>>> print(open('run22.pdb').read())   # PDB, C-alpha atoms, pLDDT in the B column
ATOM      1  CA  MET P  26      21.229-142.787 -31.036  1.00 47.00           C
ATOM      2  CA  PRO P  27      23.624-145.803 -30.736  1.00 53.00           C
ATOM      3  CA  GLU P  28      20.600-148.119 -31.141  1.00 55.00           C
ATOM      4  CA  LEU P  29      19.736-146.342 -34.410  1.00 52.00           C
ATOM      5  CA  LEU P  30      23.259-146.882 -35.703  1.00 55.00           C
ATOM      6  CA  ASN P  31      23.027-150.579 -34.856  1.00 73.00           C
ATOM      7  CA  ILE P  32      19.756-150.852 -36.804  1.00 78.00           C
ATOM      8  CA  ASP P  33      21.428-149.179 -39.792  1.00 77.00           C
ATOM      9  CA  LYS P  34      24.211-151.774 -39.662  1.00 77.00           C
ATOM     10  CA  ILE P  35      21.662-154.604 -39.495  1.00 77.00           C
ATOM     11  CA  ILE P  36      19.725-153.194 -42.477  1.00 80.00           C
ATOM     12  CA  ILE P  37      22.947-153.018 -44.495  1.00 82.00           C
ATOM     13  CA  LEU P  38      23.586-156.715 -43.752  1.00 80.00           C
ATOM     14  CA  ILE P  39      20.088-157.890 -44.852  1.00 83.00           C
ATOM     15  CA  PRO P  40      20.940-158.263 -48.595  1.00 83.00           C
ATOM     16  CA  THR P  41      24.017-160.348 -47.726  1.00 83.00           C
ATOM     17  CA  VAL P  42      22.020-162.557 -45.355  1.00 82.00           C
ATOM     18  CA  LEU P  43      19.306-163.058 -47.989  1.00 86.00           C
ATOM     19  CA  GLU P  44      21.942-163.844 -50.621  1.00 88.00           C
ATOM     20  CA  TYR P  45      23.126-166.747 -48.479  1.00 91.00           C
ATOM     21  CA  VAL P  46      19.633-168.048 -47.657  1.00 92.00           C
ATOM     22  CA  VAL P  47      17.247-167.380 -50.581  1.00 93.00           C
ATOM     23  CA  PRO P  48      18.883-169.578 -53.299  1.00 95.00           C
ATOM     24  CA  GLY P  49      18.925-172.592 -50.970  1.00 95.00           C
ATOM     25  CA  PHE P  50      15.367-171.818 -49.843  1.00 94.00           C
ATOM     26  CA  ILE P  51      14.164-171.696 -53.482  1.00 95.00           C
ATOM     27  CA  PHE P  52      15.863-175.018 -54.270  1.00 95.00           C
ATOM     28  CA  LEU P  53      14.489-176.791 -51.174  1.00 92.00           C
ATOM     29  CA  THR P  54      10.991-175.362 -51.704  1.00 91.00           C
ATOM     30  CA  ILE P  55      10.822-176.670 -55.291  1.00 92.00           C
ATOM     31  CA  ARG P  56      12.264-180.022 -54.198  1.00 88.00           C
ATOM     32  CA  ASP P  57       9.962-180.362 -51.194  1.00 85.00           C
ATOM     33  CA  PHE P  58       6.896-179.440 -53.256  1.00 82.00           C
ATOM     34  CA  SER P  59       7.801-181.991 -55.942  1.00 81.00           C
ATOM     35  CA  TYR P  60       8.404-184.809 -53.463  1.00 75.00           C
ATOM     36  CA  SER P  61       5.705-183.665 -50.994  1.00 68.00           C
ATOM     37  CA  LYS P  62       8.247-183.358 -48.222  1.00 68.00           C
ATOM     38  CA  LYS P  63       7.969-181.204 -45.114  1.00 62.00           C
ATOM     39  CA  ASP P  64      11.610-180.359 -44.439  1.00 51.00           C
ATOM     40  CA  LYS P  65      10.702-176.957 -42.978  1.00 53.00           C
ATOM     41  CA  SER P  66      10.107-178.774 -39.690  1.00 68.00           C
ATOM     42  CA  ASP P  67      13.729-179.963 -39.878  1.00 78.00           C
ATOM     43  CA  LYS P  68      15.844-178.169 -37.264  1.00 84.00           C
ATOM     44  CA  TYR P  69      18.708-177.990 -39.802  1.00 89.00           C
ATOM     45  CA  TYR P  70      16.545-176.407 -42.526  1.00 89.00           C
ATOM     46  CA  VAL P  71      18.176-172.942 -42.322  1.00 90.00           C
ATOM     47  CA  ILE P  72      21.659-174.492 -42.286  1.00 93.00           C
ATOM     48  CA  LYS P  73      20.751-176.498 -45.409  1.00 93.00           C
ATOM     49  CA  CYS P  74      19.563-173.273 -47.073  1.00 94.00           C
ATOM     50  CA  ILE P  75      22.843-171.540 -46.233  1.00 94.00           C
ATOM     51  CA  VAL P  76      25.020-174.453 -47.437  1.00 95.00           C
ATOM     52  CA  LEU P  77      23.069-174.793 -50.705  1.00 96.00           C
ATOM     53  CA  SER P  78      23.145-171.022 -51.235  1.00 95.00           C
ATOM     54  CA  TYR P  79      26.914-171.013 -50.725  1.00 95.00           C
ATOM     55  CA  ILE P  80      27.312-173.809 -53.307  1.00 95.00           C
ATOM     56  CA  PHE P  81      25.081-171.958 -55.795  1.00 95.00           C
ATOM     57  CA  ILE P  82      27.046-168.728 -55.279  1.00 94.00           C
ATOM     58  CA  LYS P  83      30.396-170.465 -55.804  1.00 94.00           C
ATOM     59  CA  LEU P  84      29.179-172.337 -58.898  1.00 93.00           C
ATOM     60  CA  LEU P  85      26.847-169.842 -60.575  1.00 91.00           C
ATOM     61  CA  LYS P  86      28.367-166.433 -59.809  1.00 86.00           C
ATOM     62  CA  PRO P  87      31.456-167.019 -62.033  1.00 90.00           C
ATOM     63  CA  ILE P  88      29.189-168.305 -64.842  1.00 88.00           C
ATOM     64  CA  GLU P  89      26.830-165.353 -64.414  1.00 85.00           C
ATOM     65  CA  LEU P  90      29.681-162.839 -64.493  1.00 82.00           C
ATOM     66  CA  ALA P  91      31.325-164.547 -67.496  1.00 87.00           C
ATOM     67  CA  PHE P  92      28.133-164.369 -69.575  1.00 86.00           C
ATOM     68  CA  PHE P  93      26.503-161.162 -68.314  1.00 83.00           C
ATOM     69  CA  GLY P  94      29.224-159.227 -66.488  1.00 76.00           C
ATOM     70  CA  HIS P  95      30.532-157.418 -69.577  1.00 76.00           C
ATOM     71  CA  PHE P  96      27.068-155.934 -70.299  1.00 80.00           C
ATOM     72  CA  GLY P  97      27.430-153.529 -67.363  1.00 79.00           C
ATOM     73  CA  LEU P  98      24.135-154.637 -65.827  1.00 81.00           C
ATOM     74  CA  SER P  99      23.068-153.366 -62.400  1.00 83.00           C
ATOM     75  CA  ASP P 100      23.397-155.547 -59.289  1.00 82.00           C
ATOM     76  CA  ASP P 101      19.602-155.946 -59.156  1.00 82.00           C
ATOM     77  CA  ILE P 102      19.480-157.325 -62.719  1.00 87.00           C
ATOM     78  CA  LEU P 103      22.406-159.675 -62.016  1.00 84.00           C
ATOM     79  CA  THR P 104      20.656-160.895 -58.847  1.00 86.00           C
ATOM     80  CA  PHE P 105      17.473-161.523 -60.849  1.00 89.00           C
ATOM     81  CA  ILE P 106      19.456-163.527 -63.449  1.00 90.00           C
ATOM     82  CA  PHE P 107      21.122-165.482 -60.633  1.00 91.00           C
ATOM     83  CA  ILE P 108      17.738-166.392 -59.098  1.00 92.00           C
ATOM     84  CA  ILE P 109      16.416-167.476 -62.524  1.00 94.00           C
ATOM     85  CA  LEU P 110      19.474-169.760 -62.908  1.00 94.00           C
ATOM     86  CA  VAL P 111      18.812-171.244 -59.450  1.00 95.00           C
ATOM     87  CA  ILE P 112      15.169-171.935 -60.390  1.00 95.00           C
ATOM     88  CA  ILE P 113      16.206-173.551 -63.711  1.00 95.00           C
ATOM     89  CA  ILE P 114      18.724-175.816 -61.940  1.00 94.00           C
ATOM     90  CA  SER P 115      16.148-176.711 -59.266  1.00 94.00           C
ATOM     91  CA  ILE P 116      13.557-177.691 -61.891  1.00 94.00           C
ATOM     92  CA  ALA P 117      16.147-179.687 -63.878  1.00 92.00           C
ATOM     93  CA  TYR P 118      17.176-181.462 -60.654  1.00 90.00           C
ATOM     94  CA  ILE P 119      13.580-182.657 -60.208  1.00 88.00           C
ATOM     95  CA  LYS P 120      12.790-183.262 -63.890  1.00 88.00           C
ATOM     96  CA  TYR P 121      15.804-185.518 -64.453  1.00 85.00           C
ATOM     97  CA  LYS P 122      15.311-187.225 -61.051  1.00 82.00           C
ATOM     98  CA  LEU P 123      18.909-186.576 -60.013  1.00 85.00           C
ATOM     99  CA  GLU P 124      18.154-187.216 -56.341  1.00 82.00           C
ATOM    100  CA  GLU P 125      16.542-190.565 -57.121  1.00 79.00           C
ATOM    101  CA  LYS P 126      19.513-191.517 -59.326  1.00 81.00           C
ATOM    102  CA  LEU P 127      21.945-190.605 -56.554  1.00 81.00           C
ATOM    103  CA  VAL P 128      20.000-192.704 -54.023  1.00 76.00           C
ATOM    104  CA  ASN P 129      19.997-195.646 -56.483  1.00 76.00           C
ATOM    105  CA  ILE P 130      23.762-195.309 -57.022  1.00 81.00           C
ATOM    106  CA  LEU P 131      24.288-195.507 -53.256  1.00 79.00           C
ATOM    107  CA  GLY P 132      22.261-198.724 -53.357  1.00 71.00           C
ATOM    108  CA  ASN P 133      21.057-198.608 -49.780  1.00 64.00           C
ATOM    109  CA  GLY P 134      17.427-199.508 -50.526  1.00 63.00           C
ATOM    110  CA  LYS P 135      16.125-196.053 -49.592  1.00 69.00           C
ATOM    111  CA  THR P 136      13.810-193.783 -51.553  1.00 70.00           C
ATOM    112  CA  VAL P 137      13.298-190.025 -51.848  1.00 69.00           C
ATOM    113  CA  HIS P 138       9.530-190.506 -51.523  1.00 66.00           C
ATOM    114  CA  GLU P 139       7.756-190.462 -48.178  1.00 64.00           C
ATOM    115  CA  ASP P 140       5.067-192.909 -49.283  1.00 66.00           C
ATOM    116  CA  PHE P 141       5.268-196.331 -50.901  1.00 66.00           C
ATOM    117  CA  ILE P 142       2.776-195.529 -53.679  1.00 73.00           C
ATOM    118  CA  SER P 143       5.000-192.831 -55.262  1.00 71.00           C
ATOM    119  CA  ASN P 144       7.951-195.173 -54.983  1.00 69.00           C
ATOM    120  CA  VAL P 145       6.230-198.126 -56.667  1.00 73.00           C
ATOM    121  CA  ILE P 146       3.900-196.467 -59.200  1.00 75.00           C
ATOM    122  CA  ASP P 147       4.910-194.211 -62.081  1.00 70.00           C
ATOM    123  CA  ASN P 148       2.274-191.464 -62.437  1.00 65.00           C
ATOM    124  CA  LYS P 149       2.537-191.542 -66.240  1.00 69.00           C
ATOM    125  CA  GLU P 150       1.928-195.276 -66.456  1.00 73.00           C
ATOM    126  CA  GLY P 151      -0.611-195.488 -63.633  1.00 78.00           C
ATOM    127  CA  ALA P 152      -1.646-198.773 -62.046  1.00 89.00           C
ATOM    128  CA  TRP P 153      -4.575-200.958 -61.092  1.00 93.00           C
ATOM    129  CA  LEU P 154      -5.086-201.675 -57.419  1.00 93.00           C
ATOM    130  CA  LYS P 155      -6.904-204.316 -55.432  1.00 94.00           C
ATOM    131  CA  LEU P 156      -7.803-202.993 -51.966  1.00 94.00           C
ATOM    132  CA  TYR P 157      -8.947-205.308 -49.173  1.00 95.00           C
ATOM    133  CA  ILE P 158     -11.279-203.682 -46.632  1.00 94.00           C
ATOM    134  CA  SER P 159     -11.220-206.018 -43.633  1.00 87.00           C
ATOM    135  CA  GLU P 160     -14.105-204.490 -41.673  1.00 88.00           C
ATOM    136  CA  GLU P 161     -16.587-204.728 -44.569  1.00 90.00           C
ATOM    137  CA  LYS P 162     -15.018-207.935 -46.000  1.00 92.00           C
ATOM    138  CA  ILE P 163     -15.037-206.258 -49.431  1.00 95.00           C
ATOM    139  CA  ILE P 164     -12.357-206.128 -52.147  1.00 95.00           C
ATOM    140  CA  TYR P 165     -12.215-203.002 -54.335  1.00 95.00           C
ATOM    141  CA  THR P 166     -10.484-203.302 -57.710  1.00 95.00           C
ATOM    142  CA  GLY P 167      -9.886-200.186 -59.796  1.00 94.00           C
ATOM    143  CA  LYS P 168      -7.564-197.778 -61.533  1.00 93.00           C
ATOM    144  CA  LEU P 169      -5.630-195.407 -59.242  1.00 92.00           C
ATOM    145  CA  LYS P 170      -6.764-191.808 -59.784  1.00 90.00           C
ATOM    146  CA  TYR P 171      -5.549-189.971 -56.674  1.00 85.00           C
ATOM    147  CA  TYR P 172      -4.199-190.508 -53.182  1.00 82.00           C
ATOM    148  CA  ASP P 173      -3.203-188.310 -50.247  1.00 77.00           C
ATOM    149  CA  ASN P 174       0.455-188.113 -49.349  1.00 67.00           C
ATOM    150  CA  PRO P 175       1.195-189.108 -45.720  1.00 62.00           C
ATOM    151  CA  SER P 176       3.015-185.836 -45.049  1.00 57.00           C
ATOM    152  CA  MET P 177      -0.001-183.772 -46.105  1.00 57.00           C
ATOM    153  CA  SER P 178      -2.741-185.184 -43.892  1.00 59.00           C
ATOM    154  CA  ASN P 179      -3.596-187.679 -41.166  1.00 66.00           C
ATOM    155  CA  ASN P 180      -6.906-188.643 -42.804  1.00 74.00           C
ATOM    156  CA  ARG P 181      -5.616-190.112 -46.047  1.00 83.00           C
ATOM    157  CA  PHE P 182      -7.844-191.135 -48.927  1.00 88.00           C
ATOM    158  CA  ILE P 183      -7.258-193.126 -52.072  1.00 90.00           C
ATOM    159  CA  VAL P 184      -9.517-192.684 -55.121  1.00 92.00           C
ATOM    160  CA  LEU P 185     -10.143-195.427 -57.681  1.00 93.00           C
ATOM    161  CA  ALA P 186     -11.846-195.269 -61.094  1.00 93.00           C
ATOM    162  CA  CYS P 187     -13.381-198.179 -63.067  1.00 93.00           C
ATOM    163  CA  VAL P 188     -14.339-199.870 -59.812  1.00 94.00           C
ATOM    164  CA  LYS P 189     -15.371-203.459 -59.246  1.00 95.00           C
ATOM    165  CA  THR P 190     -16.318-204.678 -55.755  1.00 95.00           C
ATOM    166  CA  GLU P 191     -16.321-208.260 -54.575  1.00 96.00           C
ATOM    167  CA  SER P 192     -16.938-209.983 -51.283  1.00 94.00           C
ATOM    168  CA  TYR P 193     -14.131-211.956 -49.655  1.00 92.00           C
ATOM    169  CA  SER P 194     -15.941-215.110 -50.767  1.00 91.00           C
ATOM    170  CA  GLY P 195     -15.598-214.050 -54.436  1.00 90.00           C
ATOM    171  CA  ASP P 196     -19.166-212.820 -55.172  1.00 93.00           C
ATOM    172  CA  THR P 197     -19.304-209.729 -57.438  1.00 93.00           C
ATOM    173  CA  LEU P 198     -21.243-206.919 -55.740  1.00 93.00           C
ATOM    174  CA  VAL P 199     -20.771-204.044 -58.220  1.00 93.00           C
ATOM    175  CA  ASP P 200     -19.088-204.148 -61.639  1.00 94.00           C
ATOM    176  CA  ASN P 201     -18.246-200.743 -63.153  1.00 93.00           C
ATOM    177  CA  ILE P 202     -14.864-201.881 -64.483  1.00 92.00           C
ATOM    178  CA  ASN P 203     -15.495-200.220 -67.887  1.00 92.00           C
ATOM    179  CA  ASP P 204     -16.865-196.957 -66.463  1.00 92.00           C
ATOM    180  CA  ASN P 205     -14.063-194.393 -66.080  1.00 88.00           C
ATOM    181  CA  ASN P 206     -16.548-191.961 -64.494  1.00 90.00           C
ATOM    182  CA  CYS P 207     -17.221-194.324 -61.589  1.00 89.00           C
ATOM    183  CA  LEU P 208     -15.058-193.058 -58.717  1.00 93.00           C
ATOM    184  CA  VAL P 209     -14.717-194.430 -55.200  1.00 93.00           C
ATOM    185  CA  ALA P 210     -12.846-192.734 -52.336  1.00 92.00           C
ATOM    186  CA  LEU P 211     -11.591-195.002 -49.557  1.00 92.00           C
ATOM    187  CA  ASP P 212     -10.051-194.102 -46.228  1.00 90.00           C
ATOM    188  CA  MET P 213      -6.571-195.648 -46.218  1.00 86.00           C
ATOM    189  CA  LYS P 214      -6.766-196.571 -42.545  1.00 88.00           C
ATOM    190  CA  ASP P 215      -9.542-199.068 -43.412  1.00 90.00           C
ATOM    191  CA  ILE P 216      -7.412-200.877 -45.997  1.00 91.00           C
ATOM    192  CA  LYS P 217      -5.911-204.149 -44.790  1.00 91.00           C
ATOM    193  CA  ARG P 218      -3.936-205.063 -47.902  1.00 91.00           C
ATOM    194  CA  ILE P 219      -3.076-203.460 -51.244  1.00 90.00           C
ATOM    195  CA  GLU P 220      -2.214-205.417 -54.399  1.00 91.00           C
ATOM    196  CA  ILE P 221      -0.687-203.417 -57.269  1.00 89.00           C
ATOM    197  CA  PHE P 222      -0.947-204.392 -60.963  1.00 86.00           C
ATOM    198  CA  LYS P 223       1.270-202.356 -63.280  1.00 75.00           C
TER     199      LYS P 223
END
>>> encode(input="run22.pdb", output="structure tokens")
Amino acid sequence: MPELLNIDKIIILIPTVLEYVVPGFIFLTIRDFSYSKKDKSDKYYVIKCIVLSYIFIKLLKPIELAFFGHFGLSDDILTFIFIILVIIISIAYIKYKLEEKLVNILGNGKTVHEDFISNVIDNKEGAWLKLYISEEKIIYTGKLKYYDNPSMSNNRFIVLACVKTESYSGDTLVDNINDNNCLVALDMKDIKRIEIFK
């Protein structure tokens, strides 16, 4: 019987525990997905969730109560509104690149991205790449279409469109530079050097 009472006490505490974990978890999940990070392997991940949740509660709860408290809404509805506010702030944080701006203000030469391509190339603008394959002595020139993030896989590929291939001596082997449907996938471990044209 005492064990049953202890379980009842634990069950009562679950909503409070979730309140101090879920908002931070939502924020970090959206952030990690956007930047292709894998912070869940971080031993401080739960502590980060708790700290962020605490900040959200202290900042958003007064705003939530000021705008919606006088409507006499149930706790479940207020919790739902709170979670929606957390999601909106998380998306705005990514959309307006607040983390990148903060890193730039600090001026320490670091980036929020885990790979150099995301740091150098704007997805909207795109870029042309020249890839040197040392083993085959071939140079691939083309428009960047897709690449694997280093945190997602060990076998990383980069895909080019409008591809032209040349030998190291300068002879043209294939010229599909005007064909957007011509795609080539290259294993990044075979690439000796990458030149980027923006």
>>> atom_distance(input="run22.pdb", atom1="CA of Thr190 in chain P", atom2="CA of Lys162 in chain P")
10.4 Å
>>> residues_around(input="run22.pdb", residues="Leu85 in chain P", least_positions_apart="3", cutoff="8 Å", atoms="all atoms listed in the file", output="ChimeraX atom specification")
/P:81-82,88-89,107,110
>>> axis_aligned_box(input="run22.pdb", around="range 42-48 of chain P", padding_each_side="3 Å", output="AutoDock Vina command-line options")
--center_x 20.2 --center_y -166.1 --center_z -49.3 --size_x 11.9 --size_y 13.0 --size_z 13.9
>>> atom_distance(input="run22.pdb", atom1="CA of Glu220 in chain P", atom2="CA of Tyr157 in chain P")
8.5 Å
>>> resolve_selection(input="run22.pdb", expression="the PyMOL selection byres ((chain P and resi 194) around 10)", output="PyMOL selection string")
chain P and resi 162-164+191-193+195-197
>>> residues_around(input="run22.pdb", residues="Asn180 in chain P", least_positions_apart="2", cutoff="8 Å", atoms="all atoms listed in the file", output="PDB file with C-alpha atoms, in the frame of the given file")
ATOM      1  CA  SER P 178      -2.741-185.184 -43.892  1.00 59.00           C
ATOM      2  CA  PHE P 182      -7.844-191.135 -48.927  1.00 88.00           C
ATOM      3  CA  ASP P 212     -10.051-194.102 -46.228  1.00 90.00           C
ATOM      4  CA  MET P 213      -6.571-195.648 -46.218  1.00 86.00           C
ATOM      5  CA  LYS P 214      -6.766-196.571 -42.545  1.00 88.00           C
TER       6      LYS P 214
END
>>> residues_around(input="run22.pdb", residues="range 99-104 of chain P", least_positions_apart="5", cutoff="10 Å", atoms="all atoms listed in the file", output="PyMOL selection string")
chain P and resi 44+86+89-90+93-94+109-110
>>> resolve_selection(input="run22.pdb", expression="the PyMOL selection byres ((chain P and resi 221) around 7)", output="PyMOL selection string")
chain P and resi 152-155+219-220+222-223
>>> atom_distance(input="run22.pdb", atom1="CA of Asp200 in chain P", atom2="CA of Arg218 in chain P")
20.5 Å
